$ cat entry-v1.cif   # mmCIF, C-alpha atoms
data_model
#
loop_
_atom_site.group_PDB
_atom_site.id
_atom_site.type_symbol
_atom_site.label_atom_id
_atom_site.label_comp_id
_atom_site.auth_asym_id
_atom_site.auth_seq_id
_atom_site.Cartn_x
_atom_site.Cartn_y
_atom_site.Cartn_z
ATOM 1 C CA MET H 1 45.399 43.944 154.271
ATOM 2 C CA GLY H 2 47.900 41.185 154.650
ATOM 3 C CA LYS H 3 51.516 40.841 153.562
ATOM 4 C CA LEU H 4 50.810 42.859 150.421
ATOM 5 C CA ALA H 5 50.272 46.117 152.303
ATOM 6 C CA THR H 6 52.812 48.927 152.059
ATOM 7 C CA LYS H 7 52.596 52.637 152.821
ATOM 8 C CA SER H 8 51.066 53.247 149.374
ATOM 9 C CA THR H 9 48.437 50.500 149.676
ATOM 10 C CA PHE H 10 44.878 51.600 150.338
ATOM 11 C CA GLY H 11 41.423 50.087 150.288
ATOM 12 C CA HIS H 12 37.993 49.768 151.785
ATOM 13 C CA THR H 13 36.143 47.026 153.620
ATOM 14 C CA GLY H 14 32.394 46.647 153.734
ATOM 15 C CA PHE H 15 29.944 45.378 156.322
ATOM 16 C CA THR H 16 29.016 42.210 154.418
ATOM 17 C CA GLY H 17 32.644 41.120 153.937
ATOM 18 C CA THR H 18 33.475 42.894 150.691
ATOM 19 C CA SER H 19 36.967 44.318 150.239
ATOM 20 C CA LEU H 20 38.824 46.584 147.839
ATOM 21 C CA LEU H 21 42.613 46.635 147.938
ATOM 22 C CA VAL H 22 44.723 48.869 145.670
ATOM 23 C CA HIS H 23 48.511 48.631 145.419
ATOM 24 C CA PRO H 24 49.579 51.480 143.088
ATOM 25 C CA THR H 25 53.281 50.629 142.877
ATOM 26 C CA ARG H 26 52.540 47.059 141.773
ATOM 27 C CA LYS H 27 49.612 48.207 139.594
ATOM 28 C CA LEU H 28 47.415 45.689 141.378
ATOM 29 C CA VAL H 29 43.757 45.821 142.371
ATOM 30 C CA LEU H 30 41.972 43.147 144.400
ATOM 31 C CA VAL H 31 38.190 43.113 144.722
ATOM 32 C CA LEU H 32 36.609 40.542 147.026
ATOM 33 C CA LEU H 33 32.828 40.356 146.767
ATOM 34 C CA SER H 34 30.973 38.458 149.451
ATOM 35 C CA ASN H 35 27.681 38.524 151.283
ATOM 36 C CA ARG H 36 27.839 37.245 154.833
ATOM 37 C CA ALA H 37 24.216 38.355 155.295
ATOM 38 C CA HIS H 38 22.789 35.741 152.887
ATOM 39 C CA PRO H 39 21.408 33.095 153.363
ATOM 40 C CA ASN H 40 21.966 33.352 157.139
ATOM 41 C CA TRP H 41 22.713 36.554 158.987
ATOM 42 C CA SER H 42 26.120 35.762 160.464
ATOM 43 C CA TRP H 43 28.208 38.017 162.673
ATOM 44 C CA ALA H 44 31.390 36.060 161.986
ATOM 45 C CA ASN H 45 34.477 38.222 161.528
ATOM 46 C CA PRO H 46 35.374 38.282 157.784
ATOM 47 C CA ASP H 47 38.870 39.736 158.394
ATOM 48 C CA PRO H 48 40.778 36.388 158.451
ATOM 49 C CA ILE H 49 39.373 35.540 155.012
ATOM 50 C CA ARG H 50 40.168 39.007 153.646
ATOM 51 C CA VAL H 51 43.774 38.747 154.826
ATOM 52 C CA ALA H 52 44.167 35.169 153.529
ATOM 53 C CA VAL H 53 42.966 36.172 150.049
ATOM 54 C CA ALA H 54 45.246 39.233 149.987
ATOM 55 C CA ASN H 55 48.208 37.071 151.050
ATOM 56 C CA LEU H 56 47.681 34.824 148.016
ATOM 57 C CA LEU H 57 48.909 37.713 145.859
ATOM 58 C CA THR H 58 52.314 38.023 147.518
#
$ encode --input "entry-v1.cif" --output "structure tokens"
Amino acid sequence: MGKLATKSTFGHTGFTGTSLLVHPTRKLVLVLLSNRAHPNWSWANPDPIRVAVANLLT
């Protein structure tokens, strides 16, 4: 979840690259919607992008 993550941070990641990150103490919610299955079915790891986006909020 990147540099933003603390013990109170929680979230969910989805198969197509979507992410939900909640930081209750900072009252911050990050939703990343993506679709790595369209237009080409790609098995690329979406985690580096998820972490990079989350790090933009620090």
$ atom_distance --input "entry-v1.cif" --atom1 "CA of Asp47 in chain H" --atom2 "CA of Thr25 in chain H"
23.8 Å
$ closest_residue --input "entry-v1.cif" --among "H:Ala37, H:Leu30, H:Gly17, H:His12" --to "Ala54 in chain H" --atoms "all atoms listed in the file"
H:Leu30
$ residues_around --input "entry-v1.cif" --residues "Asn55 in chain H" --least-positions-apart "2" --cutoff "6 Å" --atoms "all atoms listed in the file" --output "list in words"
Gly2, Lys3, Ala52, Val53, Leu57 and Thr58 of chain H
$ closest_residue --input "entry-v1.cif" --among "H:Val51, H:Leu20, H:Ala5, H:Leu56" --to "Leu33 in chain H" --atoms "all atoms listed in the file"
H:Leu20
$ atom_distance --input "entry-v1.cif" --atom1 "CA of Phe10 in chain H" --atom2 "CA of Asn45 in chain H"
20.3 Å
$ residues_around --input "entry-v1.cif" --residues "Thr9 in chain H" --least-positions-apart "3" --cutoff "7 Å" --atoms "all atoms listed in the file" --output "number ranges by chain"
H: 5-6, 22-24
$ atom_distance --input "entry-v1.cif" --atom1 "CA of Gly14 in chain H" --atom2 "CA of Arg26 in chain H"
23.4 Å
$ residues_around --input "entry-v1.cif" --residues "Ser34 in chain H" --least-positions-apart "5" --cutoff "9 Å" --atoms "only C-alpha atoms" --output "PyMOL selection string"
chain H and resi 16-19
$ axis_aligned_box --input "entry-v1.cif" --around "range 21-37 of chain H" --padding-each-side "6 Å" --output "AutoDock Vina command-line options"
--center_x 38.7 --center_y 44.4 --center_z 147.4 --size_x 41.1 --size_y 26.2 --size_z 27.7
